[in-house]
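The structure file query_9.cif is reproduced below (mmCIF, C-alpha atoms).
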```
data_input
#
loop_
_atom_site.label_atom_id
_atom_site.label_comp_id
_atom_site.auth_asym_id
_atom_site.auth_seq_id
_atom_site.Cartn_x
_atom_site.Cartn_y
_atom_site.Cartn_z
CA MET A 30 -120.87 -35.56 -22.59
CA ARG A 31 -117.80 -33.51 -23.53
CA TRP A 32 -116.92 -32.75 -19.91
CA PHE A 33 -117.25 -36.45 -19.06
CA LEU A 34 -114.89 -37.48 -21.87
CA LYS A 35 -112.44 -34.73 -20.92
CA ARG A 36 -112.37 -35.86 -17.29
CA LEU A 37 -112.03 -39.47 -18.39
CA TYR A 38 -109.07 -38.45 -20.56
CA ARG A 39 -107.39 -36.58 -17.66
CA ASP A 40 -107.98 -39.57 -15.38
CA ARG A 41 -106.67 -42.15 -17.88
CA ARG A 42 -103.42 -42.80 -16.00
CA ARG A 43 -105.23 -42.92 -12.66
CA LEU A 44 -107.53 -45.59 -14.12
CA VAL A 45 -104.58 -47.67 -15.36
CA VAL A 46 -103.03 -47.52 -11.86
CA VAL A 47 -106.37 -48.47 -10.28
CA LEU A 48 -106.87 -51.33 -12.80
CA CYS A 49 -103.45 -52.80 -12.00
CA LEU A 50 -103.79 -52.49 -8.22
CA THR A 51 -107.30 -53.95 -8.06
CA PHE A 52 -106.34 -56.87 -10.33
CA LEU A 53 -103.32 -57.52 -8.10
CA GLY A 54 -105.60 -57.39 -5.05
CA GLY A 55 -107.94 -60.00 -6.56
CA VAL A 56 -105.08 -62.32 -7.46
CA ILE A 57 -103.50 -62.02 -4.02
CA ALA A 58 -106.82 -62.64 -2.23
CA PHE A 59 -107.15 -66.25 -3.45
CA PRO A 60 -103.61 -67.46 -4.18
CA THR A 61 -103.98 -71.13 -3.22
CA THR A 62 -107.54 -71.84 -4.37
CA GLN A 63 -107.41 -74.78 -6.78
CA ALA A 64 -110.85 -74.23 -8.32
CA HIS A 65 -111.39 -73.20 -11.92
CA MET A 66 -114.12 -71.00 -13.29
CA PHE A 67 -114.86 -70.41 -16.99
CA GLY A 68 -111.75 -72.49 -17.69
CA LEU A 69 -109.52 -70.03 -15.82
CA PRO A 70 -107.79 -70.47 -12.46
CA PHE A 71 -109.92 -68.93 -9.72
CA PHE A 72 -107.31 -66.36 -8.72
CA LEU A 73 -107.42 -64.90 -12.25
CA VAL A 74 -111.22 -64.77 -12.20
CA ALA A 75 -111.05 -63.08 -8.80
CA GLY A 76 -108.48 -60.60 -10.15
CA LEU A 77 -110.71 -59.75 -13.11
CA ALA A 78 -113.80 -59.45 -10.89
CA PHE A 79 -111.99 -57.13 -8.49
CA MET A 80 -110.59 -55.19 -11.44
CA PHE A 81 -113.89 -54.53 -13.23
CA GLY A 82 -116.06 -54.10 -10.13
CA LEU A 83 -113.82 -51.85 -8.11
CA THR A 84 -112.41 -49.91 -11.06
CA ALA A 85 -115.91 -49.03 -12.25
CA PHE A 86 -116.74 -47.71 -8.78
CA LEU A 87 -113.45 -45.84 -8.32
CA ALA A 88 -113.60 -44.40 -11.85
CA LEU A 89 -117.05 -42.98 -11.16
CA LEU A 90 -115.76 -41.57 -7.87
CA ALA A 91 -112.84 -39.84 -9.62
CA ILE A 92 -114.93 -38.47 -12.49
CA LEU A 93 -118.04 -37.38 -10.61
CA PHE A 94 -116.22 -35.99 -7.56
CA PRO A 95 -113.04 -34.41 -8.94
CA THR A 96 -112.09 -32.67 -5.69
CA ILE A 97 -111.51 -36.05 -4.05
CA ARG A 98 -110.26 -37.84 -7.17
CA TYR A 99 -106.92 -38.76 -5.60
CA SER A 100 -108.79 -40.97 -3.12
CA ALA A 101 -109.41 -43.43 -6.01
CA GLU A 102 -105.77 -44.50 -6.20
CA ILE A 103 -105.37 -44.32 -2.43
CA ALA A 104 -108.31 -46.72 -2.04
CA ALA A 105 -106.82 -48.94 -4.77
CA MET A 106 -103.48 -48.98 -2.92
CA GLN A 107 -105.19 -50.45 0.15
CA ILE A 108 -106.70 -53.37 -1.78
CA PRO A 109 -103.53 -55.47 -2.25
CA PHE A 110 -102.67 -54.87 1.44
CA LEU A 111 -106.13 -55.90 2.60
CA ALA A 112 -106.12 -58.87 0.20
CA THR A 113 -102.79 -60.04 1.65
CA ILE A 114 -104.17 -59.84 5.18
CA GLY A 115 -107.37 -61.61 4.04
CA ALA A 116 -105.48 -64.40 2.22
CA PHE A 117 -103.20 -64.93 5.23
CA GLY A 118 -106.24 -65.06 7.52
CA MET A 119 -108.03 -67.58 5.26
CA GLN A 120 -104.98 -69.85 5.22
CA ARG A 121 -104.74 -69.76 8.99
CA GLY A 122 -108.49 -70.39 9.23
CA ALA A 123 -108.27 -73.39 6.89
CA MET A 124 -105.46 -74.83 8.99
CA THR A 125 -107.57 -74.40 12.12
CA VAL A 126 -110.58 -76.13 10.53
CA SER A 127 -108.50 -79.07 9.27
CA GLN A 128 -106.85 -79.53 12.69
CA PRO A 129 -109.63 -78.60 15.12
CA GLY A 130 -108.01 -80.21 18.13
CA GLN A 131 -104.79 -78.29 17.64
CA SER A 132 -106.28 -74.88 17.06
CA SER A 133 -104.59 -73.37 20.10
CA ARG A 134 -101.21 -74.51 18.79
CA VAL A 135 -101.92 -73.10 15.33
CA TRP A 136 -102.86 -69.72 16.68
CA MET B 26 -103.11 -45.71 5.70
CA VAL B 27 -99.35 -46.07 5.34
CA ALA B 28 -99.61 -46.07 1.55
CA ALA B 29 -101.92 -43.06 1.67
CA SER B 30 -99.63 -41.06 3.90
CA LEU B 31 -96.59 -41.92 1.76
CA TYR B 32 -98.47 -40.86 -1.38
CA THR B 33 -100.02 -37.66 -0.07
CA GLY B 34 -97.67 -36.60 2.74
CA PRO B 35 -94.22 -35.03 2.63
CA LEU B 36 -92.51 -37.96 4.39
CA LEU B 37 -90.80 -39.40 1.30
CA ASP B 38 -89.52 -35.98 0.22
CA ARG B 39 -87.00 -36.10 3.07
CA PHE B 40 -85.46 -39.35 1.93
CA LEU B 41 -85.71 -39.43 -1.86
CA PRO B 42 -83.38 -37.24 -3.93
CA LEU B 43 -84.69 -34.09 -5.58
CA ARG B 44 -84.07 -33.79 -9.29
CA LYS B 45 -84.68 -31.72 -12.38
CA HIS B 46 -87.78 -32.89 -14.19
CA SER B 47 -89.88 -31.90 -17.22
CA PHE B 48 -93.65 -32.21 -17.20
CA THR B 49 -95.28 -32.41 -20.63
CA SER B 50 -98.96 -31.66 -21.07
CA TYR B 51 -101.34 -31.49 -24.01
CA THR B 52 -104.67 -29.82 -24.31
CA PHE B 53 -107.12 -29.31 -27.15
CA SER B 54 -109.51 -26.53 -28.03
CA THR B 55 -112.09 -25.69 -30.64
CA LEU B 56 -110.54 -22.19 -30.94
CA ALA B 57 -108.00 -21.26 -33.58
CA PRO B 58 -104.35 -20.86 -32.49
CA ASP B 59 -104.55 -17.06 -32.88
CA GLN B 60 -107.50 -16.91 -30.48
CA LEU B 61 -105.80 -19.10 -27.86
CA TRP B 62 -102.41 -17.47 -28.13
CA PRO B 63 -102.92 -14.42 -25.82
CA PHE B 64 -104.29 -16.62 -23.03
CA PHE B 65 -101.21 -18.84 -22.99
CA SER B 66 -98.36 -16.44 -23.79
CA GLN B 67 -98.53 -13.47 -21.51
CA THR B 68 -96.17 -10.56 -21.25
CA PRO B 69 -96.69 -7.03 -19.88
CA ASP B 70 -97.78 -6.06 -23.43
CA THR B 71 -100.71 -8.51 -23.30
CA ASP B 72 -104.11 -6.92 -22.75
CA THR B 73 -105.20 -7.36 -19.11
CA ALA B 74 -108.46 -8.93 -20.34
CA PHE B 75 -106.47 -12.09 -21.14
CA TRP B 76 -104.84 -12.40 -17.70
CA ASP B 77 -106.06 -15.05 -15.31
CA GLU B 78 -107.77 -13.92 -12.13
CA ASP B 79 -104.66 -14.47 -9.97
CA THR B 80 -102.33 -12.27 -12.03
CA LEU B 81 -102.06 -8.93 -10.26
CA SER B 82 -99.46 -7.14 -12.34
CA MET B 83 -96.78 -7.55 -15.01
CA ASP B 84 -94.01 -5.03 -15.55
CA TRP B 85 -91.02 -4.96 -17.85
CA ILE B 86 -87.60 -4.90 -16.22
CA GLU B 87 -85.90 -4.78 -19.59
CA LYS B 88 -88.32 -4.17 -22.45
CA GLY B 89 -88.75 -7.26 -24.64
CA LYS B 90 -86.46 -9.42 -22.49
CA THR B 91 -87.29 -9.71 -18.79
CA PHE B 92 -90.34 -8.87 -16.72
CA ILE B 93 -91.81 -9.31 -13.24
CA VAL B 94 -95.12 -11.07 -12.67
CA THR B 95 -96.93 -10.53 -9.38
CA ALA B 96 -99.62 -13.08 -8.71
CA ARG B 97 -101.96 -14.05 -5.92
CA MET B 98 -101.01 -17.27 -4.23
CA ASN B 99 -103.22 -19.51 -2.06
CA ASP B 100 -105.96 -16.85 -2.13
CA VAL B 101 -104.27 -14.57 0.41
CA GLY B 102 -100.53 -14.37 -0.39
CA LYS B 103 -98.51 -12.81 -3.18
CA ILE B 104 -95.65 -14.20 -5.22
CA GLU B 105 -93.23 -12.38 -7.49
CA GLU B 106 -91.67 -14.21 -10.40
CA HIS B 107 -89.00 -12.99 -12.80
CA HIS B 108 -89.51 -14.17 -16.36
CA ARG B 109 -86.87 -14.01 -19.08
CA LEU B 110 -88.12 -14.43 -22.64
CA GLU B 111 -86.07 -16.81 -24.74
CA SER B 112 -88.25 -17.12 -27.80
CA MET B 113 -91.59 -15.82 -28.96
CA LEU B 114 -93.18 -16.55 -32.32
CA PRO B 115 -96.76 -15.24 -32.00
CA GLY B 116 -99.40 -17.89 -32.65
CA ASP B 117 -96.84 -20.67 -32.63
CA HIS B 118 -94.09 -20.96 -30.01
CA PHE B 119 -93.26 -19.34 -26.66
CA LYS B 120 -90.37 -20.04 -24.30
CA PHE B 121 -89.23 -18.39 -21.09
CA ASP B 122 -87.21 -18.98 -17.92
CA PHE B 123 -88.74 -18.20 -14.58
CA ALA B 124 -87.34 -17.73 -11.09
CA VAL B 125 -88.75 -16.67 -7.74
CA PRO B 126 -86.03 -14.39 -6.40
CA ASP B 127 -87.32 -14.45 -2.79
CA ALA B 128 -87.43 -18.24 -2.56
CA LYS B 129 -85.09 -20.10 -0.20
CA PRO B 130 -82.23 -21.88 -1.95
CA LYS B 131 -83.21 -25.38 -3.18
CA THR B 132 -86.93 -24.65 -2.92
CA CYS B 133 -88.69 -27.00 -5.30
CA GLY B 134 -90.63 -25.36 -8.10
CA ALA B 135 -89.00 -21.96 -7.65
CA ARG B 136 -86.91 -22.00 -10.82
CA GLY B 137 -87.33 -23.49 -14.26
CA LYS B 138 -88.39 -23.12 -17.87
CA VAL B 139 -91.67 -23.18 -19.73
CA GLU B 140 -91.97 -23.88 -23.43
CA LEU B 141 -95.23 -24.08 -25.35
CA TRP B 142 -96.42 -24.72 -28.86
CA VAL B 143 -99.86 -23.86 -30.19
CA GLU B 144 -100.64 -25.61 -33.45
CA PRO B 145 -103.70 -26.22 -35.63
CA HIS B 146 -105.42 -29.53 -34.95
CA GLY B 147 -108.47 -30.48 -37.01
CA THR B 148 -110.87 -27.55 -36.83
CA GLY B 149 -109.33 -26.24 -33.58
CA SER B 150 -105.91 -26.29 -32.02
CA ARG B 151 -103.58 -28.29 -29.83
CA VAL B 152 -101.38 -26.82 -27.11
CA LYS B 153 -98.27 -28.68 -26.01
CA GLN B 154 -96.53 -27.31 -22.96
CA VAL B 155 -93.29 -28.50 -21.35
CA ARG B 156 -92.58 -27.20 -17.86
CA THR B 157 -89.10 -27.96 -16.55
CA TYR B 158 -88.40 -27.46 -12.85
CA ASP B 159 -84.80 -27.35 -11.66
CA CYS B 160 -85.86 -29.12 -8.49
CA SER B 161 -88.79 -31.44 -8.17
CA THR B 162 -89.78 -34.07 -5.61
CA TRP B 163 -90.64 -37.67 -6.47
CA ARG B 164 -94.07 -37.18 -4.94
CA MET B 165 -94.72 -34.24 -7.24
CA MET B 166 -93.50 -36.24 -10.25
CA ILE B 167 -95.68 -39.27 -9.46
CA TYR B 168 -98.77 -37.29 -8.49
CA SER B 169 -98.50 -34.97 -11.52
CA TRP B 170 -98.16 -37.96 -13.82
CA VAL B 171 -101.07 -39.93 -12.34
CA ASP B 172 -103.33 -36.87 -12.15
CA ASP B 173 -102.20 -35.27 -15.43
CA HIS B 174 -102.06 -32.16 -13.24
CA PHE B 175 -100.60 -29.73 -15.77
CA GLY B 176 -103.05 -30.91 -18.43
CA ARG B 177 -105.82 -29.88 -16.05
CA VAL B 178 -104.16 -26.48 -15.53
CA ASP B 179 -104.06 -26.02 -19.32
CA ASP B 180 -107.69 -27.13 -19.55
CA ASP B 181 -108.61 -24.28 -17.18
CA THR B 182 -106.86 -21.79 -19.47
CA VAL B 183 -108.65 -23.23 -22.52
CA ARG B 184 -111.97 -23.05 -20.67
CA ARG B 185 -111.29 -19.40 -19.83
CA ALA B 186 -110.40 -18.68 -23.46
CA GLU B 187 -113.48 -20.46 -24.81
CA THR B 188 -115.76 -18.68 -22.34
CA ALA B 189 -114.25 -15.28 -23.16
CA THR B 190 -114.54 -15.74 -26.92
CA SER B 191 -118.00 -17.31 -26.99
#
```

Write out the structure in this file as structure tokens.
Amino acid sequence: MRWFLKRLYRDRRRLVVVLCLTFLGGVIAFPTTQAHMFGLPFFLVAGLAFMFGLTAFLALLAILFPTIRYSAEIAAMQIPFLATIGAFGMQRGAMTVSQPGQSSRVW
Amino acid sequence: MVAASLYTGPLLDRFLPLRKHSFTSYTFSTLAPDQLWPFFSQTPDTDTAFWDEDTLSMDWIEKGKTFIVTARMNDVGKIEEHHRLESMLPGDHFKFDFAVPDAKPKTCGARGKVELWVEPHGTGSRVKQVRTYDCSTWRMMIYSWVDDHFGRVDDDTVRRAETATS
């Protein structure tokens, strides 16, 4: 237990960085969705879901496999980039669906 | 991939300015300050039993003031560092300058200062260490902060001390 707490303590800043980046990724992924969930805008719910889900996984990766611990923040850095690409793709897809006859012009 | 290569590769070091930077680290131990002291504050007078496995030799240049440390580097190489003692209060405070005389000019990490304090903390002790490098890259600063790199280095020394005294 002591080694786990010690590693968690040494990785505290890494976890803060990962928390921020994964939350940002979740928010960016659904920027225009109008839906609400639990009384919160969907992009915030998505941000929190990304944050808790991915941070738990990346924290375990950093703590259990210390030789590759730096890959946790590298993976977290990719998430906002991938979310941006995903959000852009979804917007383009929505435009294509709403204007099916003009899909060639949209793309 | 771009973010990863910027974070882990030397690309940014070419474009961002190098600067002097201090890295502060803390570590804790169940040992008393007197027991930890010889593992953290080493001079040629320290018993070789307290040296870490990479220290090959320590010799005074000027007794009580400056000494040379020869250490193994990257498993196969050797590095020589000159240390100049500035202050030494056994069991409490230790401060020295270091320089690698064979390093190229402007080599990062080749010159600086180390200052450490060992103080009682609960039933054990706390070690605070400030390492100041005259030249440090932004990548090194960011990575060391995120990883708490020097805290981990100090943890290794504490682990060695606790194993040796148990």

Given the file shown, enumerate the residues that the PyMOL selection byres ((chain B and resi 121) around 9) captures and present them as a PyMOL selection string.
chain B and resi 108-113+119-120+122-123+137-140

Output the contact residues of chain A with respect to chain B at a cut-off of 6 Å, based on only C-alpha atoms, as number ranges by chain.
A: 39, 42-43, 103

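For the file shown, the residue list from the PyMOL selection byres ((chain B and resi 61) around 9) reads Ser54, Leu56, Ala57, Pro58, Asp59, Gln60, Trp62, Pro63, Phe64, Phe65, Ser66, Gly116, Val143, Ser150, Val152, Thr182, Val183, Ala186 and Glu187 of chain B.
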
May I ask for the distance between CA of Thr132 in chain B and CA of Arg98 in chain A, given in Å to one decimal place?
27.1 Å

The PyMOL selection byres ((chain B and resi 164) around 10) - which residues does that actually catch in the file I just gave you? List them as a list in words.
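On this input, the PyMOL selection byres ((chain B and resi 164) around 10) captures Leu31, Tyr32, Thr33, Gly34, Pro35, Leu36, Leu37, Asp38, Leu41, Leu43, Ser161, Thr162, Trp163, Met165, Met166, Ile167, Tyr168, Ser169 and Trp170 of chain B.
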
For those residues, write C-alpha atoms to a file as an mmCIF file, in the frame of the given file.
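Saved result, again.cif, follows:
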```
data_model
loop_
_atom_site.group_PDB
_atom_site.id
_atom_site.type_symbol
_atom_site.label_atom_id
_atom_site.label_comp_id
_atom_site.auth_asym_id
_atom_site.auth_seq_id
_atom_site.Cartn_x
_atom_site.Cartn_y
_atom_site.Cartn_z
ATOM 1 C CA LEU B 31 -96.590 -41.920 1.760
ATOM 2 C CA TYR B 32 -98.470 -40.860 -1.380
ATOM 3 C CA THR B 33 -100.020 -37.660 -0.070
ATOM 4 C CA GLY B 34 -97.670 -36.600 2.740
ATOM 5 C CA PRO B 35 -94.220 -35.030 2.630
ATOM 6 C CA LEU B 36 -92.510 -37.960 4.390
ATOM 7 C CA LEU B 37 -90.800 -39.400 1.300
ATOM 8 C CA ASP B 38 -89.520 -35.980 0.220
ATOM 9 C CA LEU B 41 -85.710 -39.430 -1.860
ATOM 10 C CA LEU B 43 -84.690 -34.090 -5.580
ATOM 11 C CA SER B 161 -88.790 -31.440 -8.170
ATOM 12 C CA THR B 162 -89.780 -34.070 -5.610
ATOM 13 C CA TRP B 163 -90.640 -37.670 -6.470
ATOM 14 C CA MET B 165 -94.720 -34.240 -7.240
ATOM 15 C CA MET B 166 -93.500 -36.240 -10.250
ATOM 16 C CA ILE B 167 -95.680 -39.270 -9.460
ATOM 17 C CA TYR B 168 -98.770 -37.290 -8.490
ATOM 18 C CA SER B 169 -98.500 -34.970 -11.520
ATOM 19 C CA TRP B 170 -98.160 -37.960 -13.820
#
```

Between CA of Thr71 in chain B and CA of His46 in chain B, what is the distance in Å, rounded to a tenth?
29.1 Å

CA of Pro70 in chain A to CA of Thr84 in chain A: how many Å, to one decimal?
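One can read the CA of Pro70 in chain A to CA of Thr84 in chain A distance as 21.1 Å.
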
Please list as a PyMOL selection string every residue within 8 Å of Ala75 in chain A, counting only C-alpha atoms and excluding residues in the same chain fewer than 2 positions away.
chain A and resi 52+55-56+58-59+71-73+77-79

Would you fill the gaps in range 52-63 of chain A so it has all heavy atoms, then print it as a CSV table (one decimal), in the frame of the given file?
```
chain,number,residue,atom,x,y,z
A,52,PHE,N,-106.6,-55.5,-9.8
A,52,PHE,CA,-106.3,-56.9,-10.3
A,52,PHE,C,-105.4,-57.6,-9.4
A,52,PHE,O,-105.6,-58.8,-9.0
A,52,PHE,CB,-105.8,-56.8,-11.8
A,52,PHE,CG,-105.5,-58.1,-12.4
A,52,PHE,CD1,-106.5,-58.9,-12.8
A,52,PHE,CD2,-104.2,-58.6,-12.5
A,52,PHE,CE1,-106.2,-60.2,-13.3
A,52,PHE,CE2,-103.9,-59.8,-13.0
A,52,PHE,CZ,-104.9,-60.6,-13.4
A,53,LEU,N,-104.3,-56.9,-9.0
A,53,LEU,CA,-103.3,-57.5,-8.1
A,53,LEU,C,-104.0,-57.9,-6.8
A,53,LEU,O,-103.7,-59.0,-6.3
A,53,LEU,CB,-102.2,-56.5,-7.8
A,53,LEU,CG,-101.0,-56.9,-7.0
A,53,LEU,CD1,-100.2,-58.0,-7.8
A,53,LEU,CD2,-100.1,-55.8,-6.6
A,54,GLY,N,-104.9,-57.1,-6.3
A,54,GLY,CA,-105.6,-57.4,-5.0
A,54,GLY,C,-106.4,-58.7,-5.2
A,54,GLY,O,-106.4,-59.5,-4.3
A,55,GLY,N,-107.1,-58.8,-6.3
A,55,GLY,CA,-107.9,-60.0,-6.6
A,55,GLY,C,-107.1,-61.3,-6.6
A,55,GLY,O,-107.5,-62.3,-6.1
A,56,VAL,N,-106.0,-61.2,-7.3
A,56,VAL,CA,-105.1,-62.3,-7.5
A,56,VAL,C,-104.5,-62.7,-6.1
A,56,VAL,O,-104.5,-63.9,-5.8
A,56,VAL,CB,-104.0,-62.0,-8.5
A,56,VAL,CG1,-102.9,-63.1,-8.4
A,56,VAL,CG2,-104.5,-61.9,-9.9
A,57,ILE,N,-104.1,-61.7,-5.3
A,57,ILE,CA,-103.5,-62.0,-4.0
A,57,ILE,C,-104.5,-62.6,-3.0
A,57,ILE,O,-104.2,-63.4,-2.2
A,57,ILE,CB,-102.9,-60.7,-3.4
A,57,ILE,CG1,-101.7,-60.3,-4.2
A,57,ILE,CG2,-102.5,-60.9,-2.0
A,57,ILE,CD1,-101.1,-59.0,-3.8
A,58,ALA,N,-105.8,-62.2,-3.2
A,58,ALA,CA,-106.8,-62.6,-2.2
A,58,ALA,C,-107.0,-64.2,-2.2
A,58,ALA,O,-107.4,-64.7,-1.2
A,58,ALA,CB,-108.1,-61.9,-2.5
A,59,PHE,N,-106.9,-64.8,-3.4
A,59,PHE,CA,-107.2,-66.2,-3.4
A,59,PHE,C,-106.0,-67.0,-4.1
A,59,PHE,O,-106.1,-67.6,-5.1
A,59,PHE,CB,-108.4,-66.5,-4.3
A,59,PHE,CG,-109.6,-65.8,-3.7
A,59,PHE,CD1,-110.0,-64.6,-4.3
A,59,PHE,CD2,-110.4,-66.4,-2.7
A,59,PHE,CE1,-111.1,-63.9,-3.8
A,59,PHE,CE2,-111.5,-65.7,-2.2
A,59,PHE,CZ,-111.9,-64.5,-2.7
A,60,PRO,N,-104.8,-66.9,-3.5
A,60,PRO,CA,-103.6,-67.5,-4.2
A,60,PRO,C,-103.6,-69.0,-4.2
A,60,PRO,O,-103.0,-69.5,-5.2
A,60,PRO,CB,-102.5,-66.9,-3.3
A,60,PRO,CG,-103.0,-66.8,-2.0
A,60,PRO,CD,-104.5,-66.4,-2.2
A,61,THR,N,-104.1,-69.7,-3.3
A,61,THR,CA,-104.0,-71.1,-3.2
A,61,THR,C,-105.2,-71.9,-3.6
A,61,THR,O,-105.2,-73.1,-3.6
A,61,THR,CB,-103.6,-71.6,-1.8
A,61,THR,OG1,-104.5,-71.1,-0.9
A,61,THR,CG2,-102.2,-71.0,-1.4
A,62,THR,N,-106.3,-71.1,-4.0
A,62,THR,CA,-107.5,-71.8,-4.4
A,62,THR,C,-107.3,-72.6,-5.7
A,62,THR,O,-106.8,-72.1,-6.6
A,62,THR,CB,-108.7,-70.8,-4.6
A,62,THR,OG1,-108.7,-70.0,-3.4
A,62,THR,CG2,-110.0,-71.5,-4.8
A,63,GLN,N,-107.7,-73.9,-5.6
A,63,GLN,CA,-107.4,-74.8,-6.8
A,63,GLN,C,-108.5,-74.8,-7.8
A,63,GLN,O,-108.4,-75.3,-8.9
A,63,GLN,CB,-107.2,-76.2,-6.3
A,63,GLN,CG,-106.1,-76.4,-5.3
A,63,GLN,CD,-104.7,-76.1,-6.0
A,63,GLN,OE1,-104.5,-76.5,-7.1
A,63,GLN,NE2,-103.9,-75.3,-5.3
```
